[in-house]
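What's in data10.txt: compact mmCIF, C-alpha atoms
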# COMPACT_ATOMS: atom_id res chain seq x y z
CA MET V 1458 89.03 69.17 94.59
CA ARG V 1459 86.56 71.38 96.47
CA SER V 1460 83.04 71.69 95.14
CA SER V 1461 81.77 75.19 94.31
CA ARG V 1462 78.17 74.33 95.14
CA PRO V 1463 76.72 74.84 98.65
CA ARG V 1464 76.56 72.00 101.11
CA PRO V 1465 73.33 69.97 101.15
CA PRO V 1466 70.74 70.97 103.74
CA ARG V 1467 71.02 69.29 107.11
CA ASP V 1468 67.29 68.48 107.10
CA THR V 1469 67.64 65.46 104.87
CA SER V 1470 64.12 64.24 105.47
CA SER V 1471 62.65 66.71 102.98
CA THR V 1472 61.38 65.57 99.59
CA GLU V 1473 61.36 67.81 96.52
CA LYS V 1474 58.98 67.27 93.60
CA ILE V 1475 59.11 68.86 90.18
CA ALA V 1476 55.70 68.79 88.54
CA GLU V 1477 54.11 69.98 85.34
CA ASP V 1478 50.38 69.85 84.65
CA GLU V 1479 49.96 67.99 87.97
CA GLN V 1480 52.14 65.10 86.74
CA VAL V 1481 55.28 64.24 88.68
CA LEU V 1482 58.21 64.27 86.26
CA GLU V 1483 60.97 63.66 88.79
CA GLU V 1484 61.16 62.97 92.49
CA PHE V 1485 64.35 63.53 94.48
CA ALA V 1486 64.83 62.37 98.07
CA LEU V 1487 67.98 62.78 100.15
CA ASP V 1488 69.33 59.70 101.90
CA PRO V 1489 69.77 60.73 105.57
CA GLN V 1490 72.27 57.98 106.33
CA ALA V 1491 74.43 58.70 103.29
CA TYR V 1492 74.61 62.45 103.98
CA ALA V 1493 75.36 61.90 107.67
CA VAL V 1494 78.71 60.26 106.89
CA ASN V 1495 81.75 62.50 107.38
CA ASP V 1496 83.96 60.57 105.00
CA PHE V 1497 84.67 60.18 101.30
CA THR V 1498 82.63 57.52 99.53
CA PRO V 1499 83.10 55.25 97.76
CA ASP V 1500 86.35 54.42 99.49
CA GLU V 1501 87.58 52.09 96.72
CA ARG V 1502 88.79 53.25 93.34
CA VAL V 1503 88.47 49.89 91.57
CA ILE V 1504 86.39 46.80 92.31
CA LYS V 1505 85.67 43.52 90.57
CA GLY V 1506 82.15 43.51 89.16
CA THR V 1507 79.99 40.91 87.47
CA ILE V 1508 81.53 37.61 86.38
CA ALA V 1509 80.00 36.06 83.25
CA PHE V 1510 80.75 33.83 80.27
CA LEU V 1511 81.18 35.03 76.68
CA ARG V 1512 81.84 32.49 73.90
CA ASP V 1513 82.60 29.83 76.52
CA GLN V 1514 85.23 31.99 78.21
CA LYS V 1515 84.92 33.43 81.70
CA LYS V 1516 84.96 37.25 81.79
CA ALA V 1517 85.25 39.61 84.77
CA GLN V 1518 83.92 43.16 84.86
CA VAL V 1519 86.26 45.83 86.28
CA LEU V 1520 84.54 48.94 87.72
CA PHE V 1521 86.40 52.24 88.18
CA PHE V 1522 85.32 55.04 90.57
CA PRO V 1523 87.37 58.13 89.69
CA MET V 1524 85.42 60.38 92.11
CA SER V 1525 84.50 60.25 95.81
CA PHE V 1526 82.32 62.65 97.83
CA ASN V 1527 82.25 63.79 101.47
CA PRO V 1528 78.70 65.09 102.13
CA GLN V 1529 79.54 66.69 105.49
CA ALA V 1530 82.52 68.60 104.13
CA GLY V 1531 80.85 69.27 100.79
CA GLU V 1532 84.01 68.19 98.98
CA LEU V 1533 84.41 66.12 95.82
CA ARG V 1534 87.69 64.40 94.99
CA LEU V 1535 88.67 63.61 91.40
CA TYR V 1536 91.36 61.00 90.74
CA THR V 1537 93.03 61.66 87.39
CA LEU V 1538 95.37 58.65 87.47
CA ILE V 1539 94.47 55.15 88.66
CA ARG V 1540 96.89 52.24 88.35
CA VAL V 1541 95.51 48.71 88.54
CA ARG V 1542 97.28 45.38 88.76
CA ILE V 1543 95.25 42.40 87.51
CA THR V 1544 96.43 38.96 88.61
CA TYR V 1545 95.18 35.87 86.79
CA VAL V 1546 94.77 32.83 89.02
CA PRO V 1547 94.66 29.62 86.92
CA ASP V 1548 92.83 27.49 89.47
CA GLN V 1549 89.93 29.98 89.47
CA GLY V 1550 89.39 29.78 85.72
CA PHE V 1551 91.13 33.06 84.94
CA GLY V 1552 94.40 31.58 83.65
CA MET V 1553 96.16 33.66 81.03
CA GLN V 1554 95.76 31.54 77.93
CA GLN V 1555 98.57 30.78 75.52
CA PHE V 1556 97.70 30.87 71.83
CA ILE V 1557 99.57 29.32 68.95
CA THR V 1558 100.07 31.54 65.92
CA ALA V 1559 97.99 31.36 62.73
CA PRO V 1560 96.41 29.52 61.03
CA PHE V 1561 94.86 28.28 64.27
CA GLY V 1562 94.85 29.21 67.93
CA LEU V 1563 95.22 26.72 70.77
CA ALA V 1564 94.54 27.53 74.41
CA ALA V 1565 93.97 25.85 77.74
CA ALA V 1566 90.21 26.06 78.22
CA ASP V 1567 88.09 26.93 81.21
CA PRO V 1568 87.75 23.69 83.22
CA ASN V 1569 84.13 24.53 84.05
CA TRP V 1570 83.10 24.21 80.40
CA PRO V 1571 81.66 20.83 79.29
CA PRO V 1572 82.44 18.27 77.99
CA ALA V 1573 84.24 17.01 81.05
CA GLY V 1574 87.75 15.65 80.76
CA ASP V 1575 91.10 15.44 82.49
CA GLN V 1576 92.47 18.11 80.15
CA LEU V 1577 90.51 20.44 77.87
CA TYR V 1578 91.86 22.69 75.11
CA LYS V 1579 90.20 25.16 72.77
CA ILE V 1580 91.28 25.29 69.10
CA THR V 1581 90.15 28.17 66.89
CA THR V 1582 90.17 27.90 63.10
CA ALA V 1583 89.36 30.45 60.41
CA GLU V 1584 89.29 28.46 57.17
CA GLU V 1585 88.02 25.17 55.83
CA GLY V 1586 90.65 22.48 55.51
CA ILE V 1587 92.70 19.84 57.30
CA TYR V 1588 94.62 21.16 60.30
CA ARG V 1589 97.55 19.57 62.10
CA VAL V 1590 98.46 20.17 65.75
CA THR V 1591 101.81 18.74 66.81
CA HIS V 1592 103.03 17.31 70.09
CA ASP V 1593 105.21 20.39 70.65
CA GLU V 1594 102.31 22.79 70.08
CA LEU V 1595 100.15 20.89 72.56
CA ALA V 1596 102.95 20.94 75.12
CA ALA V 1597 103.50 24.68 74.59
CA ALA V 1598 99.79 25.26 75.30
CA GLY V 1599 100.16 23.55 78.68
CA MET V 1600 99.18 19.95 77.97
CA ASP V 1601 100.88 17.34 80.15
CA THR V 1602 101.78 15.17 77.16
CA ALA V 1603 103.57 12.58 79.30
CA SER V 1604 100.32 11.65 81.04
CA ILE V 1605 98.18 11.57 77.89
CA ILE V 1606 96.96 8.30 76.40
CA PRO V 1607 96.47 9.38 72.78
CA ARG V 1608 93.67 6.86 72.14
CA ASN V 1609 91.62 8.76 74.74
CA LEU V 1610 91.77 12.10 72.94
CA HIS V 1611 88.40 13.44 71.74
CA LEU V 1612 87.51 16.37 69.49
CA TYR V 1613 84.20 18.27 69.74
CA ASN V 1614 82.56 20.91 67.57
CA ARG V 1615 79.16 22.52 68.20
CA GLY V 1616 78.29 20.00 70.87
CA ALA V 1617 79.10 16.85 68.86
CA GLU V 1618 82.22 14.71 68.70
CA VAL V 1619 84.05 14.75 65.36
CA ALA V 1620 86.57 12.24 64.07
CA MET V 1621 90.29 12.98 63.92
CA TYR V 1622 93.52 11.21 63.03
CA VAL V 1623 96.17 10.76 65.74
CA TYR V 1624 99.58 9.88 64.35
CA GLY V 1625 101.67 7.67 66.64
CA GLU V 1626 98.88 6.63 69.01
CA ASP V 1627 99.47 2.89 68.53
CA ASP V 1628 102.32 2.79 71.07
CA GLY V 1629 100.09 4.32 73.75
CA TYR V 1630 102.18 7.47 74.18
CA LEU V 1631 102.04 11.02 72.85
CA ASP V 1632 105.67 11.42 71.83
CA PRO V 1633 107.61 14.23 70.12
CA GLY V 1634 106.88 13.90 66.41
CA ASP V 1635 103.30 12.72 67.02
CA TYR V 1636 100.40 14.93 65.95
CA ILE V 1637 96.65 15.11 65.47
CA GLU V 1638 94.89 16.01 62.22
CA PHE V 1639 91.26 16.93 61.70
CA TYR V 1640 89.00 18.50 59.11
CA THR V 1641 87.43 21.87 59.92
CA GLU V 1642 84.51 23.68 58.38
CA ALA V 1643 84.48 27.40 57.67
CA ILE V 1644 82.03 29.73 59.40
CA ASN V 1645 81.00 32.96 57.71
CA THR V 1646 78.37 34.93 59.62
CA LYS V 1647 78.01 38.59 60.45
CA TYR V 1648 79.09 37.77 64.02
CA THR V 1649 82.20 35.64 63.50
CA ARG V 1650 84.39 33.80 61.01
CA THR V 1651 86.02 31.72 63.74
CA ASN V 1652 85.09 28.09 64.33
CA ILE V 1653 85.70 26.49 67.72
CA TYR V 1654 86.93 22.93 68.34
CA TRP V 1655 87.51 21.40 71.77
CA LEU V 1656 90.26 18.83 72.33
CA VAL V 1657 89.53 16.68 75.39
CA ALA V 1658 91.58 14.02 77.16
CA ASP V 1659 89.63 11.58 79.33
CA GLN V 1660 89.51 7.86 80.14
CA SER V 1661 87.62 6.55 77.08
CA PRO V 1662 88.63 6.04 73.42
CA GLY V 1663 87.89 8.91 71.05
CA LEU V 1664 86.35 8.95 67.58
CA ARG V 1665 88.84 8.38 64.75
CA MET V 1666 88.85 8.91 61.00
CA THR V 1667 88.41 5.81 58.88
CA GLN V 1668 91.55 5.01 56.90
CA ILE V 1669 91.27 3.73 53.34
CA ASP V 1670 93.83 2.73 50.74
CA GLY V 1671 94.56 5.80 48.64
CA ALA V 1672 96.71 4.10 46.02
CA PRO V 1673 95.68 5.22 42.52
CA GLY V 1674 93.83 2.79 40.28
CA SER V 1675 93.87 2.55 36.51
CA ALA V 1676 92.25 5.93 35.86
CA PRO V 1677 94.43 8.57 34.17
CA PHE V 1678 96.08 11.20 36.34
CA ALA V 1679 94.60 14.69 36.30
CA ASN V 1680 97.19 17.24 35.24
CA ASP V 1681 95.29 20.15 36.76
CA PHE V 1682 92.02 20.90 38.54
CA LEU V 1683 89.67 23.79 39.22
CA GLU V 1684 90.07 25.66 42.51
CA VAL V 1685 88.15 28.59 43.98
CA LEU V 1686 90.07 31.08 46.15
CA HIS V 1687 88.39 33.81 48.19
CA PHE V 1688 90.25 36.95 49.30
CA GLU V 1689 88.71 39.37 51.77
CA ARG V 1690 89.89 41.74 54.49
CA ASP V 1691 87.49 43.42 56.91
CA LEU V 1692 89.33 46.57 57.94
CA PRO V 1693 88.12 48.72 60.89
CA GLN V 1694 88.01 51.81 58.69
CA GLY V 1695 86.08 49.82 56.08
CA TYR V 1696 82.85 49.43 58.07
CA TRP V 1697 79.77 51.16 56.63
CA GLY V 1698 77.04 50.61 59.19
CA LEU V 1699 74.43 52.67 57.32
CA ALA V 1700 74.77 50.79 54.05
CA PRO V 1701 71.24 50.16 52.74
CA GLY V 1702 69.81 46.67 52.66
CA GLU V 1703 68.67 43.83 54.89
CA ASP V 1704 70.28 43.06 58.22
CA SER V 1705 72.19 40.18 56.62
CA VAL V 1706 74.02 42.50 54.17
CA ASP V 1707 77.81 42.45 54.59
CA ARG V 1708 78.84 45.97 55.63
CA TRP V 1709 82.59 45.40 55.94
CA PHE V 1710 84.89 46.44 53.10
CA TRP V 1711 88.52 45.96 52.14
CA ALA V 1712 89.00 49.54 50.91
CA ASP V 1713 87.15 52.65 49.83
CA PHE V 1714 87.71 55.07 46.97
CA THR V 1715 87.20 58.81 46.82
CA PRO V 1716 86.94 60.17 43.26
CA PRO V 1717 88.87 63.37 42.49
CA GLU V 1718 85.76 65.55 42.35
CA TYR V 1719 84.96 64.72 46.02
CA GLN V 1720 88.46 65.29 47.44
CA TRP V 1721 89.26 68.40 49.48
CA VAL V 1722 92.33 68.88 47.32
CA VAL V 1723 92.06 67.60 43.75
CA LEU V 1724 94.75 64.93 43.37
CA PRO V 1725 95.53 62.37 40.66
CA ASN V 1726 93.33 59.32 41.04
CA ILE V 1727 95.53 56.67 42.71
CA PRO V 1728 94.67 53.04 41.87
CA GLU V 1729 94.15 50.62 44.75
CA ASP V 1730 96.09 47.33 44.75
CA PHE V 1731 94.63 44.13 46.22
CA PRO V 1732 97.26 41.38 46.62
CA VAL V 1733 96.20 37.79 45.91
CA ASP V 1734 98.46 34.78 46.37
CA LEU V 1735 97.79 32.04 43.80
CA PRO V 1736 99.81 28.89 44.57
CA GLY V 1737 100.28 26.32 41.83
CA VAL V 1738 98.72 28.12 38.86
CA SER V 1739 98.48 25.62 36.00
CA THR V 1740 100.76 26.24 33.03
CA LEU V 1741 98.48 24.30 30.68
CA GLY V 1742 96.40 27.35 29.83
CA GLY V 1743 92.67 27.66 30.09
CA THR V 1744 90.30 30.27 31.43
CA ALA V 1745 90.22 31.85 34.88
CA THR V 1746 87.31 33.86 36.27
CA VAL V 1747 87.82 36.99 38.37
CA LYS V 1748 84.94 38.19 40.56
CA VAL V 1749 84.91 41.46 42.50
CA ALA V 1750 82.12 42.79 44.76
CA LEU V 1751 81.63 46.57 44.87
CA ARG V 1752 79.15 49.00 46.38
CA GLY V 1753 78.60 52.65 45.48
CA PHE V 1754 78.35 55.26 48.23
CA ALA V 1755 76.35 57.89 46.32
CA ALA V 1756 72.79 56.78 45.58
CA ASP V 1757 72.25 58.99 42.52
CA LYS V 1758 75.64 58.60 40.83
CA LEU V 1759 77.03 56.47 38.02
CA HIS V 1760 80.33 54.90 39.14
CA GLN V 1761 83.07 53.88 36.71
CA ALA V 1762 86.19 51.79 37.35
CA THR V 1763 88.85 49.78 35.54
CA PHE V 1764 90.26 46.42 36.65
CA SER V 1765 93.79 45.17 35.91
CA ILE V 1766 96.06 42.22 36.70
CA LYS V 1767 99.60 43.01 37.83
CA ASN V 1768 102.43 40.52 38.47
CA SER V 1769 105.97 39.66 37.41
CA LEU V 1770 104.84 39.11 33.81
CA PHE V 1771 102.90 42.36 33.69
CA PRO V 1772 104.60 44.74 36.14
CA ASN V 1773 102.68 47.70 34.72
CA GLY V 1774 99.39 45.83 34.75
CA SER V 1775 97.14 44.37 32.09
CA GLN V 1776 93.60 45.74 32.01
CA ILE V 1777 90.94 43.04 32.04
CA ALA V 1778 87.72 45.05 32.34
CA GLN V 1779 86.04 48.44 32.65
CA ARG V 1780 82.64 48.63 34.29
CA SER V 1781 79.98 51.15 35.30
CA TRP V 1782 77.21 50.76 37.87
CA GLN V 1783 74.52 52.92 39.39
CA GLY V 1784 73.53 53.61 42.99
CA GLN V 1785 74.34 51.99 46.32
CA ASP V 1786 73.34 48.38 45.67
CA GLU V 1787 76.06 45.75 45.60
CA TYR V 1788 77.56 45.35 42.14
CA ARG V 1789 79.51 42.23 41.20
CA VAL V 1790 82.08 42.26 38.42
CA GLU V 1791 82.66 38.87 36.80
CA VAL V 1792 85.11 38.56 33.92
CA ASP V 1793 86.75 35.55 32.26
CA ILE V 1794 90.45 36.00 31.47
CA ASP V 1795 93.22 34.00 29.84
CA GLN V 1796 94.94 32.08 32.65
CA GLY V 1797 98.24 33.02 31.03
CA LEU V 1798 97.83 36.44 32.67
CA LEU V 1799 98.39 34.82 36.07
CA VAL V 1800 101.59 33.53 37.67
CA PRO V 1801 102.12 31.14 40.60
CA GLY V 1802 102.50 33.15 43.79
CA GLU V 1803 102.10 36.92 44.00
CA ASN V 1804 99.48 38.59 41.80
CA THR V 1805 97.66 41.88 42.25
CA ILE V 1806 94.19 43.00 41.22
CA THR V 1807 94.28 46.75 40.65
CA ILE V 1808 91.10 48.82 40.72
CA GLU V 1809 91.06 52.43 39.57
CA LEU V 1810 87.97 54.55 40.12
CA LEU V 1811 87.58 56.79 37.09
CA GLY V 1812 84.97 58.99 38.72
CA THR V 1813 81.24 59.46 39.17
CA GLU V 1814 78.63 61.17 37.06

Would you kindly transcribe this structure into structure tokens?
Amino acid sequence: MRSSRPRPPRDTSSTEKIAEDEQVLEEFALDPQAYAVNDFTPDERVIKGTIAFLRDQKKAQVLFFPMSFNPQAGELRLYTLIRVRITYVPDQGFGMQQFITAPFGLAAADPNWPPAGDQLYKITTAEEGIYRVTHDELAAAGMDTASIIPRNLHLYNRGAEVAMYVYGEDDGYLDPGDYIEFYTEAINTKYTRTNIYWLVADQSPGLRMTQIDGAPGSAPFANDFLEVLHFERDLPQGYWGLAPGEDSVDRWFWADFTPPEYQWVVLPNIPEDFPVDLPGVSTLGGTATVKVALRGFAADKLHQATFSIKNSLFPNGSQIAQRSWQGQDEYRVEVDIDQGLLVPGENTITIELLGTE
């Protein structure tokens, strides 16, 4: 497009100063060489910028220049559509990585990242437990399984080698049906809930789990046991950055509630359902404890809510508690219930906000 402003003066050696109370607030000087060019600059619409590492992965900055200027003609061009093709070159560390689906991700890692090895793979985990990675999953991620000596596989986490179990390594080959198993720890910080493990193949034996005889002794069998399950979803629309409290306060929420008196159109108060999957609920009875963390938005209001369990036994829900709390501080509901209210598999905790006072 053509600029509506006048062309810059030809005497580009002048310097203009804007001053107030004899203090220079801004100084502007024309660049004689730049304004002497009778061409549009910059002449490239897209360039590759800074290359850096983030969480052990190489990143490349892409810079766009949607405008170019010809100082002699006094014209400014605006590009409203820019198409870019990005090509990933594996041997330069920009290989498009293949990830295995949940519960873990597996990818060919940047070869520049230590520890050194013939092949290096990054495994991401989100929960504590024992994970299994099969021969087929390793092959799908790009591992040359035919050249791997399984005894020489290593696993690293946070700079230290950790032990793992490699099924089928005794024959010296990584065959279909073979797999690795390892124990992972959960990470729960305000920055990430993803733990990183590095699988490395080199020329030395790796650290292995110690195997012990797990045959039961003379002690009686336990018919059931206590287990703690945590359910949480951090939704994009559930972030409250201005929530009061220390920097370590969790400001992500699964859902929010708007009481009828604060709605633009007064509607019936709709309960919110939170699905929880409970595998293997004991049928021997006993007591279960339900804990829910809440936070009020209004600092000077009294909040009231009911809590119910809904499942195949109680399709309409069975109320387990009604609570009130004041202000914006975190409020934790903890209630003991008859375990007979729960069923193996799908259950729902229903919360209904009664209103604020």

Taking all atoms of stretch 1689-1696 of chain V that the file lists, what box with edges along x, y and z, padded by 4 Å per side, do you get, with centre and edge lengths in Å to one decimal, as lines of an AutoDock Vina configuration file?
center_x = 86.4
center_y = 45.6
center_z = 56.3
size_x = 15.0
size_y = 20.4
size_z = 17.1

Would you work out the distance separating atom CA of V:Met1666 from atom CA of V:Tyr1636, expressed in Å to one decimal?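 Taking atom CA of V:Met1666 and atom CA of V:Tyr1636, their separation equals 13.9 Å.
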
If I put a ball of radius 12 Å at (81.4, 14.9, 65.9) in the file's coordinates, which residues poke into it when counting all atoms listed in the file, written as a list of chain:residue names?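 These residues have at least one counted atom within 12 Å: V:His1611, V:Leu1612, V:Tyr1613, V:Asn1614, V:Arg1615, V:Gly1616, V:Ala1617, V:Glu1618, V:Val1619, V:Ala1620, V:Met1621, V:Phe1639, V:Tyr1640, V:Thr1641, V:Glu1642, V:Tyr1654, V:Trp1655, V:Leu1656, V:Gly1663, V:Leu1664, V:Arg1665, V:Met1666.
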
Neighbours of V:Ser1604 within 10 Å (only C-alpha atoms; same-chain residues fewer than 4 positions away dropped), as a PyMOL selection string? chain V and resi 1600+1630-1631+1658

In Å, rounded to a single decimal, give me how far atom CA of V:Phe1526 is from atom CA of V:Ala1491.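 Taking atom CA of V:Ala1491 and atom CA of V:Phe1526, their separation equals 10.4 Å.
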
Calculated over only C-alpha atoms, which of the candidates V:Gly1753, V:Gly1737, V:Gly1784, V:Pro1607 has the smallest distance to V:Leu1799?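 Checking each candidate against V:Leu1799, we get V:Gly1737 as the closest.
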
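From atom CA of V:Glu1585 back to atom CA of V:Phe1678, the distance works out to 25.3 Å.
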
Could you check which of V:Lys1767, V:Arg1608, V:Arg1690, V:Arg1589 is closest to V:Thr1807, using all atoms listed in the file? V:Lys1767

Within 9 Å of V:Leu1520, counting all atoms listed in the file, which residues show up once you throw out same-chain ones fewer than 6 positions away? Write them as a list in words, please. Arg1502, Val1503, Ile1504, Lys1505 and Gly1506 of chain V

Selected residue of minimal separation from V:Ser1705 among V:Asp1575, V:Asp1500, V:Glu1626, V:Thr1646, counting only C-alpha atoms: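 Nearest candidate to V:Ser1705 out of V:Asp1575, V:Asp1500, V:Glu1626, V:Thr1646: V:Thr1646.
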
Out of V:Ile1806, V:Val1749, V:Phe1710, V:Ala1700, which residue has the shortest atom-to-atom distance to V:Asp1786 when counting all atoms listed in the file?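 When distances to V:Asp1786 are compared using all atoms listed in the file, the smallest one comes from V:Ala1700.
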
Surrounding residues of V:Arg1780 excluding itself and chain neighbours under 6 positions, 9 Å, all atoms listed in the file, as a VMD selection string: chain V and resid 1760 to 1764 1790

Given all atoms listed in the file as the basis, pick out the residue of V:Leu1577, V:Ala1596, V:Leu1699, V:Ala1643 nearest to V:Asp1659.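 For V:Asp1659, the nearest of the given residues is V:Leu1577.
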
So, counting only C-alpha atoms, which residue among V:Tyr1696, V:Asp1635, V:Thr1651, V:Leu1810 is closest to V:Trp1782? V:Leu1810

Please provide as a PyMOL selection string all residues within 9 Å of V:Gly1695, with the sequence filter that same-chain residues fewer than 2 positions apart are discarded (counting all atoms listed in the file). chain V and resi 1691-1693+1697+1708-1713
